[in-house]
Amino acid sequence: MKRAAVLAPGYGGTAEQPIRRKLAAALDGFGIASRAITFRTRGSRPSKDYVSELEDLSAARDAFRAAGYERIALVGRSFGGRMSAFLAEREAPDALVVLGHPISPPKRPRPRDEAALGAMTCPTLVIQGEKDQLGPFAVLERIAANNPRIDLVRIAGAGHDFGAGEPEAVAAAARWLDSVLR
């Protein structure tokens with residue numbers, strides 16, 4: 001079975017973001033193809049209602065479908081995870097992984113993000129640093145408690161950028177995708 005993952009960057013990031021390169025290598029080790037994208041709005045504000053970003057994700061996913069891939073995941077880092085969750089809410093992929101979900105920045109709750117994540121109908125993994133200021137683990141635990149499709153991985157001592165916990169985050173995502181995309 002041909003398996004693939006679309007890798008979306010954090011805000012302002014590119015297809016060359018280091019964590020995405022590491023994840024692509026880890027996925028390759030499991031025989032999962034990947035395509036890292038760069039949102040066309042990089043360097044500017046996101047598009048209205050994230051239309052361009054969702055189109056970019058859809059195009060990469062559709063290219064895998066056209067190439068005969070049977071199981072396709074959306075994987076996003078931070079902002080890319082938000083966009084992946086928004087697309088997954090509308091058009092469920094075979095799996096969704098969010099690495100560092102900025103679901104509730106200080107004094108800026110994101111009810112739309114919470115609703116999108118809570119509505120997931122596909123297997124979903126959120127990997128979060130336990131000290132992530134942009135996505136408090138308690139918010140994710142509350143959402144996951146109401147949706148059995150959501151798995152959480154807490155990276156001890158890590159903040160939003162994962163720091164020294166990055167290898168653990170990458171390994172967890174790759175292993176989980178290997179098990180779910182079968």
# chains A, B, ... in the order shown; residues from 1 in each chain; ligands from 1
>>> residues_around(residues="stretch 145-160 of chain A", least_positions_apart="5", cutoff="12 Å", atoms="only C-alpha atoms", output="VMD selection string")
chain A and resid 10 77 to 79 85 94 to 105 114 to 140 165 to 173 176 to 177 180
>>> select_by_dssp(residues="stretch 29-176 of chain A", states="helix (DSSP H, G or I)", output="VMD selection string")
chain A and resid 29 48 to 66 79 to 90 111 to 118 137 to 145 163 to 176
>>> closest_residue(among="A:Leu54, A:Ala63, A:Leu87, A:Ala92", to="A:Thr41", atoms="only C-alpha atoms")
A:Leu54
>>> residues_around(residues="A:Ser44", least_positions_apart="2", cutoff="12 Å", atoms="only C-alpha atoms", output="CSV table (one decimal) with C-alpha atoms, in the first residue's frame")
chain,number,residue,atom,x,y,z
A,11,TYR,CA,4.0,30.5,10.4
A,12,GLY,CA,6.5,32.0,7.9
A,13,GLY,CA,8.3,28.7,7.5
A,39,PHE,CA,2.4,28.4,1.8
A,40,ARG,CA,2.3,30.9,-1.0
A,41,THR,CA,1.4,33.6,1.6
A,42,ARG,CA,4.7,33.1,3.3
A,46,PRO,CA,-2.4,34.8,5.9
A,47,SER,CA,-5.1,34.9,3.3
A,48,LYS,CA,-8.7,35.8,4.2
A,52,SER,CA,-4.9,30.2,-0.1
A,53,GLU,CA,-3.3,28.0,2.6
>>> closest_residue(among="A:Ala36, A:Leu181, A:Pro106, A:Met1", to="A:Gly80", atoms="only C-alpha atoms")
A:Ala36
>>> atom_distance(atom1="atom CA of A:Arg65", atom2="atom CA of A:Gln17")
24.3 Å
>>> select_by_dssp(residues="stretch 11-153 of chain A", states="strand (DSSP E or B)", output="MDAnalysis selection string")
chainID A and resid 32:36 71:77 95:99 124:129 150:153
>>> closest_residue(among="A:Ala4, A:Ala144, A:Glu89, A:Arg182", to="A:Ala24", atoms="only C-alpha atoms")
A:Ala4
>>> closest_residue(among="A:Ile32, A:Ala88, A:Ala66, A:Val51", to="A:Ala5", atoms="only C-alpha atoms")
A:Ile32
>>> closest_residue(among="A:Gly163, A:Ser34, A:Phe86, A:Ser179", to="A:Arg21", atoms="only C-alpha atoms")
A:Ser34
>>> closest_residue(among="A:Glu55, A:Thr38, A:Leu7, A:Gly43", to="A:Val75", atoms="only C-alpha atoms")
A:Leu7
>>> atom_distance(atom1="atom CA of A:Arg20", atom2="atom CA of A:Asp49")
24.8 Å
>>> atom_distance(atom1="atom CA of A:Ala59", atom2="atom CA of A:Thr14")
16.3 Å
